[in-house]
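Trainee: Input work_23.cif, format and content: mmCIF, C-alpha atoms.
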data_model
#
loop_
_atom_site.label_atom_id
_atom_site.label_comp_id
_atom_site.auth_asym_id
_atom_site.auth_seq_id
_atom_site.Cartn_x
_atom_site.Cartn_y
_atom_site.Cartn_z
CA MET A 7 -9.51 20.45 -3.56
CA PRO A 8 -8.33 17.20 -1.89
CA GLN A 9 -10.90 15.60 0.42
CA ARG A 10 -9.68 14.54 3.87
CA THR A 11 -10.73 11.09 5.07
CA HIS A 12 -9.68 10.43 8.69
CA THR A 13 -5.95 11.19 8.69
CA ALA A 14 -5.66 10.85 4.93
CA VAL A 15 -6.03 13.03 1.90
CA ARG A 16 -7.99 11.46 -0.94
CA ARG A 17 -6.42 12.13 -4.31
CA GLU A 18 -6.81 10.72 -7.79
CA LEU A 19 -4.74 9.97 -10.84
CA THR A 20 -5.86 9.37 -14.42
CA VAL A 21 -4.48 6.11 -15.82
CA ASP A 22 -5.41 5.16 -19.40
CA GLY A 23 -8.46 7.41 -19.17
CA ARG A 24 -9.62 5.89 -15.87
CA ARG A 25 -9.75 7.46 -12.43
CA LEU A 26 -7.47 5.76 -9.90
CA SER A 27 -8.40 7.03 -6.45
CA TYR A 28 -6.07 6.68 -3.46
CA LEU A 29 -5.72 7.71 0.16
CA ASP A 30 -2.45 9.38 1.15
CA HIS A 31 -1.78 9.09 4.90
CA GLY A 32 0.98 10.87 6.71
CA PRO A 33 3.58 13.45 5.78
CA ALA A 34 5.32 13.36 2.41
CA THR A 35 8.56 12.97 4.37
CA GLY A 36 7.42 9.65 5.86
CA ARG A 37 8.84 6.37 4.62
CA PRO A 38 6.47 5.13 1.87
CA LEU A 39 4.27 2.07 2.34
CA LEU A 40 1.90 0.97 -0.44
CA ALA A 41 -1.14 -0.78 1.10
CA LEU A 42 -3.24 -2.97 -1.20
CA HIS A 43 -6.67 -4.25 -0.19
CA GLY A 44 -8.37 -7.49 -1.15
CA HIS A 45 -11.58 -8.20 -3.06
CA LEU A 46 -14.77 -6.55 -1.73
CA SER A 47 -12.62 -3.97 0.04
CA GLU A 48 -10.90 -0.62 -0.56
CA GLY A 49 -8.00 1.53 0.52
CA ALA A 50 -9.80 2.83 3.60
CA SER A 51 -9.48 -0.63 5.15
CA PHE A 52 -5.94 0.42 6.14
CA ASP A 53 -6.96 3.60 8.01
CA ASP A 54 -6.30 2.00 11.41
CA LEU A 55 -2.93 0.62 10.32
CA ALA A 56 -1.87 4.03 9.00
CA THR A 57 -2.85 5.67 12.29
CA GLY A 58 -0.97 3.03 14.26
CA LEU A 59 2.23 3.41 12.25
CA GLY A 60 2.29 7.12 12.95
CA PRO A 61 4.04 9.94 11.11
CA GLU A 62 7.20 7.96 10.39
CA TRP A 63 5.33 6.12 7.64
CA ARG A 64 3.46 7.53 4.67
CA VAL A 65 0.77 4.94 3.92
CA ILE A 66 -0.54 5.15 0.35
CA ALA A 67 -3.70 3.09 -0.01
CA PRO A 68 -5.25 3.01 -3.49
CA ASP A 69 -8.72 1.81 -4.31
CA GLN A 70 -7.54 -0.75 -6.84
CA ARG A 71 -9.21 -0.80 -10.26
CA GLY A 72 -12.94 -1.47 -10.01
CA HIS A 73 -13.05 -0.89 -6.24
CA GLY A 74 -14.14 2.02 -4.06
CA ASP A 75 -13.84 5.37 -5.83
CA SER A 76 -11.67 4.07 -8.68
CA ASP A 77 -13.24 3.49 -12.08
CA ARG A 78 -14.02 0.10 -13.54
CA ALA A 79 -11.47 -1.34 -15.99
CA ASP A 80 -11.62 -3.49 -19.10
CA ASP A 81 -9.56 -6.26 -17.52
CA TYR A 82 -8.52 -7.54 -14.11
CA THR A 83 -5.34 -9.40 -14.96
CA ARG A 84 -2.18 -9.18 -12.88
CA GLU A 85 -0.66 -7.07 -15.65
CA GLY A 86 -3.53 -4.63 -15.41
CA TYR A 87 -3.35 -4.27 -11.65
CA VAL A 88 0.45 -3.93 -11.69
CA SER A 89 0.36 -1.31 -14.45
CA ASP A 90 -1.92 0.83 -12.25
CA LEU A 91 0.42 0.49 -9.29
CA THR A 92 3.44 1.30 -11.42
CA ALA A 93 1.72 4.43 -12.76
CA LEU A 94 0.82 5.51 -9.22
CA LEU A 95 4.35 5.06 -7.87
CA ASP A 96 5.88 6.79 -10.87
CA HIS A 97 3.45 9.67 -10.37
CA LEU A 98 4.25 9.99 -6.66
CA GLY A 99 7.99 9.61 -7.12
CA THR A 100 8.36 7.95 -3.73
CA GLY A 101 11.31 5.75 -4.59
CA PRO A 102 11.26 2.17 -3.29
CA VAL A 103 8.23 1.32 -1.13
CA VAL A 104 7.21 -1.37 1.30
CA ALA A 105 4.45 -3.18 -0.61
CA LEU A 106 1.86 -4.56 1.78
CA GLY A 107 -1.23 -6.40 0.63
CA HIS A 108 -4.07 -8.57 1.84
CA SER A 109 -5.32 -11.48 -0.29
CA LEU A 110 -5.71 -10.06 -3.83
CA GLY A 111 -3.52 -7.16 -2.69
CA GLY A 112 -0.82 -9.50 -1.42
CA ILE A 113 -0.70 -11.29 -4.76
CA ASN A 114 -0.59 -7.99 -6.65
CA ALA A 115 2.23 -6.80 -4.37
CA LEU A 116 4.40 -9.84 -5.06
CA HIS A 117 3.77 -9.47 -8.80
CA LEU A 118 4.82 -5.81 -8.54
CA ALA A 119 8.04 -6.86 -6.79
CA ALA A 120 8.73 -9.44 -9.50
CA ALA A 121 8.01 -7.06 -12.39
CA ARG A 122 9.61 -3.92 -10.90
CA PRO A 123 12.06 -5.07 -8.20
CA ALA A 124 13.69 -1.64 -7.92
CA THR A 125 10.38 -0.18 -6.73
CA VAL A 126 9.84 -2.59 -3.81
CA ALA A 127 12.13 -2.44 -0.78
CA ALA A 128 10.17 -5.00 1.24
CA LEU A 129 7.00 -7.10 1.09
CA VAL A 130 4.24 -7.79 3.61
CA ASN A 131 1.99 -10.54 2.32
CA THR A 132 -1.14 -10.88 4.45
CA ASP A 133 -2.80 -14.20 3.71
CA GLY A 134 -2.12 -13.98 -0.02
CA PRO A 135 -1.51 -17.52 -1.39
CA VAL A 136 1.01 -18.28 -4.10
CA ASP A 137 -0.83 -21.44 -5.16
CA LEU A 138 -4.56 -20.86 -5.44
CA PRO A 139 -6.31 -23.73 -7.24
CA HIS A 140 -9.28 -22.99 -9.44
CA GLN A 141 -12.57 -23.73 -7.70
CA ASP A 142 -16.06 -24.38 -9.01
CA PRO A 143 -18.08 -22.83 -7.53
CA GLY A 144 -15.68 -20.05 -6.62
CA PRO A 145 -15.58 -18.45 -3.17
CA LEU A 146 -17.22 -15.25 -4.43
CA ASP A 147 -19.90 -16.88 -6.57
CA PHE A 148 -22.47 -15.69 -4.04
CA LEU A 149 -22.18 -12.34 -5.84
CA THR A 150 -23.89 -13.79 -8.92
CA GLY A 151 -27.12 -11.90 -9.44
CA PHE A 152 -26.24 -9.05 -7.08
CA PRO A 153 -27.34 -5.65 -8.43
CA TYR A 154 -24.71 -2.95 -8.84
CA THR A 155 -27.17 -0.11 -8.24
CA ALA A 156 -30.57 0.46 -6.68
CA PRO A 157 -32.89 3.47 -6.38
CA THR A 158 -32.39 3.66 -2.59
CA ARG A 159 -29.69 2.72 -0.15
CA GLU A 160 -32.10 0.48 1.75
CA GLN A 161 -33.06 -1.45 -1.39
CA LEU A 162 -29.42 -2.06 -2.26
CA ILE A 163 -28.62 -3.31 1.24
CA ALA A 164 -31.62 -5.64 1.18
CA ALA A 165 -30.69 -6.98 -2.27
CA CYS A 166 -27.30 -8.07 -0.91
CA GLY A 167 -28.87 -10.36 1.66
CA PRO A 168 -26.51 -11.39 4.50
CA VAL A 169 -23.70 -9.33 2.95
CA GLY A 170 -25.80 -6.16 3.09
CA PRO A 171 -24.81 -4.97 6.59
CA ALA A 172 -21.12 -5.44 5.81
CA VAL A 173 -21.18 -3.30 2.65
CA ALA A 174 -23.70 -0.74 3.95
CA PRO A 175 -21.13 1.74 5.34
CA ARG A 176 -19.27 1.80 2.00
CA LEU A 177 -22.14 2.33 -0.45
CA ARG A 178 -21.75 5.29 -2.82
CA PRO A 179 -24.44 7.67 -4.09
CA LEU A 180 -24.64 7.80 -7.87
CA PRO A 181 -23.23 11.01 -9.41
CA ASP A 182 -26.62 12.17 -10.63
CA GLY A 183 -28.16 11.64 -7.20
CA ASP A 184 -30.58 9.07 -8.64
CA GLY A 185 -29.68 6.04 -6.56
CA TRP A 186 -26.83 4.17 -4.91
CA ARG A 187 -24.11 1.75 -5.99
CA LEU A 188 -21.91 -0.90 -4.44
CA PRO A 189 -18.22 -0.11 -3.81
CA PHE A 190 -17.40 -2.85 -6.35
CA HIS A 191 -19.13 -4.21 -9.43
CA PRO A 192 -20.27 -7.83 -8.86
CA LYS A 193 -19.45 -8.93 -12.42
CA ASP A 194 -16.00 -7.31 -12.32
CA THR A 195 -15.27 -8.83 -8.91
CA LEU A 196 -16.15 -12.31 -10.13
CA ASP A 197 -13.91 -11.80 -13.16
CA SER A 198 -11.05 -10.53 -10.98
CA GLU A 199 -11.39 -13.36 -8.47
CA ARG A 200 -11.31 -16.03 -11.18
CA GLN A 201 -8.22 -14.51 -12.74
CA VAL A 202 -6.28 -14.41 -9.49
CA HIS A 203 -6.41 -18.21 -9.23
CA GLY A 204 -3.35 -20.12 -10.34
CA ASP A 205 0.32 -20.60 -9.54
CA HIS A 206 2.25 -17.52 -8.38
CA TRP A 207 5.33 -19.31 -7.04
CA ALA A 208 7.64 -18.01 -9.77
CA GLN A 209 6.76 -14.39 -9.00
CA TRP A 210 7.02 -14.95 -5.24
CA LEU A 211 10.53 -16.35 -5.64
CA ALA A 212 11.61 -13.76 -8.23
CA SER A 213 12.45 -11.11 -5.61
CA ASP A 214 14.72 -11.35 -2.58
CA CYS A 215 13.89 -8.20 -0.62
CA PRO A 216 12.92 -8.68 3.07
CA ALA A 217 9.43 -10.14 3.35
CA LEU A 218 6.87 -10.94 6.01
CA VAL A 219 4.07 -13.48 5.59
CA ILE A 220 1.12 -12.97 7.95
CA ASN A 221 -1.14 -16.04 8.02
CA GLY A 222 -4.48 -16.53 9.73
CA ARG A 223 -4.36 -19.72 11.77
CA THR A 224 -7.76 -20.86 10.44
CA SER A 225 -7.45 -19.20 7.03
CA GLN A 226 -9.78 -20.52 4.34
CA VAL A 227 -7.38 -19.28 1.64
CA LEU A 228 -3.75 -19.74 2.73
CA PRO A 229 -3.11 -23.15 4.36
CA ALA A 230 -0.51 -23.22 7.12
CA GLY A 231 1.67 -25.63 5.14
CA GLN A 232 1.79 -23.31 2.16
CA ALA A 233 2.58 -20.32 4.37
CA ALA A 234 5.48 -22.26 5.90
CA ALA A 235 6.76 -23.24 2.43
CA MET A 236 6.54 -19.62 1.25
CA THR A 237 8.77 -18.70 4.19
CA SER A 238 11.30 -21.51 3.88
CA ARG A 239 11.72 -21.36 0.10
CA ARG A 240 12.24 -17.60 -0.14
CA PRO A 241 15.32 -15.90 1.37
CA HIS A 242 14.90 -13.11 3.96
CA THR A 243 11.29 -14.13 4.70
CA THR A 244 9.64 -14.51 8.09
CA LEU A 245 6.24 -15.84 9.16
CA VAL A 246 3.77 -14.58 11.75
CA THR A 247 0.60 -16.56 12.48
CA LEU A 248 -2.36 -14.83 14.10
CA ASP A 249 -5.51 -16.37 15.59
CA THR A 250 -7.83 -15.32 12.76
CA ASP A 251 -9.25 -16.69 9.56
CA HIS A 252 -8.49 -15.10 6.17
CA PHE A 253 -9.68 -11.64 7.24
CA VAL A 254 -6.67 -10.97 9.40
CA GLN A 255 -6.71 -7.21 9.91
CA LEU A 256 -10.45 -7.17 10.55
CA GLN A 257 -10.38 -9.88 13.20
CA ASP A 258 -7.16 -8.89 14.96
CA PRO A 259 -6.32 -5.30 14.02
CA LYS A 260 -3.96 -4.83 16.97
CA GLY A 261 -2.07 -8.07 16.30
CA PHE A 262 -1.87 -7.24 12.61
CA ALA A 263 -0.53 -3.73 13.27
CA ARG A 264 1.96 -5.07 15.81
CA ALA A 265 3.29 -7.68 13.36
CA VAL A 266 3.66 -5.08 10.61
CA ARG A 267 5.29 -2.53 12.93
CA GLU A 268 7.81 -5.05 14.30
CA PHE A 269 8.76 -6.07 10.77
CA LEU A 270 9.14 -2.47 9.64
CA GLU A 271 11.45 -1.78 12.58
CA THR A 272 13.91 -4.32 11.13
CA LEU A 273 14.25 -2.50 7.81
#
Take the structure I supplied and represent it as structure tokens, if you would.
Mentor:
Amino acid sequence: MPQRTHTAVRRELTVDGRRLSYLDHGPATGRPLLALHGHLSEGASFDDLATGLGPEWRVIAPDQRGHGDSDRADDYTREGYVSDLTALLDHLGTGPVVALGHSLGGINALHLAAARPATVAALVNTDGPVDLPHQDPGPLDFLTGFPYTAPTREQLIAACGPVGPAVAPRLRPLPDGDGWRLPFHPKDTLDSERQVHGDHWAQWLASDCPALVINGRTSQVLPAGQAAAMTSRRPHTTLVTLDTDHFVQLQDPKGFARAVREFLETL
């Protein structure tokens, strides 16, 4: 039986032998919005947004491959992520969706729009850069040496150091009851983060559906100049800047929801 999480029903789909878990908010008659989280996160990060949008919108928030309740995958390329999203949308039969994403999710959303333009009616890119230079060390290199599992929840939290309190609410018990795991695999996350670096301008400019760029004013990932260029170079694109860093919806959930809602009202 489906498991209810807040206002959502948790469901799953098998893709290439892997479990793809997703949260389905709102009535099936609502207008579909695909919400894609960033690294170290999961679909539940959009619970507040889904509640704020109300019954008019059906927010579908997958745990992307290797995150949350979805299984690990063999690769974390854009093609891999997009193939999962395509399978999910084909399975749901929603028709064109608004594709909203934060960071990794924003980049995956614009690649989905480029690869399958008929499936994306509009884009909301939340602090997802289209030019992300390779860095050494990378921004998630602090995960190096993190354990994936531990015998107790307390041991796993302690092993994550300063990050422990942030991930504590999202730890999962192991299926056999013999320990706990993180909601992401450190090695997979490092692999995914390294592969998201690069130039995504061609994919960003490949679609012309209405788009909104939401940029954190002090973002560590999407510089203001690049956000402005993303808006000016792409037709039908608007920009909203909020007083946050990269973690926009966490630091200003009301401002984020308001920006998304006002954009959706124009569609």
Trainee: Considering all atoms listed in the file, state which residue in the set A:Leu98, A:Val130, A:Leu162, A:Ala235 is at the smallest distance from Ala263 (chain A).
Mentor: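 Looking only at the distances to Ala263 (chain A), the closest residue turns out to be A:Val130.
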Trainee: Rank nothing, just name the residue among A:Thr13, A:Ser109, A:Thr100, A:Thr195 nearest to Ala79 (chain A), using all atoms listed in the file.
Mentor: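 Distance minimum relative to Ala79 (chain A) lands on A:Thr195.
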Trainee: Could you check how far CA of Gly111 (chain A) sits from CA of Asp69 (chain A), in Å to one decimal?
Mentor: 10.5 Å
Trainee: Starting from the displayed file, determine the output of the PyMOL selection byres ((chain A and resi 62) around 8) and express the residue list as a list in words.
Mentor: Gly32, Thr35, Gly36, Arg37, Leu59, Gly60, Pro61, Trp63 and Arg64 of chain A
Trainee: On this structure, the PyMOL selection byres ((chain A and resi 198) around 10) would catch which residues? List them as a list in words, sorted by chain and number.
Mentor: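 Selected by the PyMOL selection byres ((chain A and resi 198) around 10) in this file: His45, Arg71, Gly72, Asp81, Tyr82, Thr83, Arg84, Tyr87, Leu110, Pro192, Lys193, Asp194, Thr195, Leu196, Asp197, Glu199, Arg200, Gln201, Val202 and His203 of chain A.
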Trainee: Store the residues picked out above, limited to C-alpha atoms, as an mmCIF file, in the frame of the given file.
Mentor:
data_model
loop_
_atom_site.group_PDB
_atom_site.id
_atom_site.type_symbol
_atom_site.label_atom_id
_atom_site.label_comp_id
_atom_site.auth_asym_id
_atom_site.auth_seq_id
_atom_site.Cartn_x
_atom_site.Cartn_y
_atom_site.Cartn_z
ATOM 1 C CA HIS A 45 -11.580 -8.200 -3.060
ATOM 2 C CA ARG A 71 -9.210 -0.800 -10.260
ATOM 3 C CA GLY A 72 -12.940 -1.470 -10.010
ATOM 4 C CA ASP A 81 -9.560 -6.260 -17.520
ATOM 5 C CA TYR A 82 -8.520 -7.540 -14.110
ATOM 6 C CA THR A 83 -5.340 -9.400 -14.960
ATOM 7 C CA ARG A 84 -2.180 -9.180 -12.880
ATOM 8 C CA TYR A 87 -3.350 -4.270 -11.650
ATOM 9 C CA LEU A 110 -5.710 -10.060 -3.830
ATOM 10 C CA PRO A 192 -20.270 -7.830 -8.860
ATOM 11 C CA LYS A 193 -19.450 -8.930 -12.420
ATOM 12 C CA ASP A 194 -16.000 -7.310 -12.320
ATOM 13 C CA THR A 195 -15.270 -8.830 -8.910
ATOM 14 C CA LEU A 196 -16.150 -12.310 -10.130
ATOM 15 C CA ASP A 197 -13.910 -11.800 -13.160
ATOM 16 C CA GLU A 199 -11.390 -13.360 -8.470
ATOM 17 C CA ARG A 200 -11.310 -16.030 -11.180
ATOM 18 C CA GLN A 201 -8.220 -14.510 -12.740
ATOM 19 C CA VAL A 202 -6.280 -14.410 -9.490
ATOM 20 C CA HIS A 203 -6.410 -18.210 -9.230
#
Trainee: Run the PyMOL selection byres ((chain A and resi 218) around 12) against the file shown and list the residues it catches, as a PyMOL selection string.
Mentor: chain A and resi 104-108+112+116+128-134+210+214-217+219-221+233-234+236-238+240-247+262+265-270+272-273
Trainee: Mind giving me the straight-line distance from CA of Pro68 (chain A) to CA of Leu118 (chain A) in Å, one decimal?
Mentor: 14.3 Å
Trainee: For Ala56 (chain A), which residue among A:Asp75, A:Asp80, A:Asp30, A:Asp251 is the nearest when counting only C-alpha atoms?
Mentor: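 So, comparing all the options, the nearest one is A:Asp30.
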Trainee: Expressed in Å to a single decimal, how great is the separation between CA of Ser76 (chain A) and CA of Leu26 (chain A)?
Mentor: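 Atom-to-atom, CA of Ser76 (chain A) and CA of Leu26 (chain A) are spaced 4.7 Å apart.
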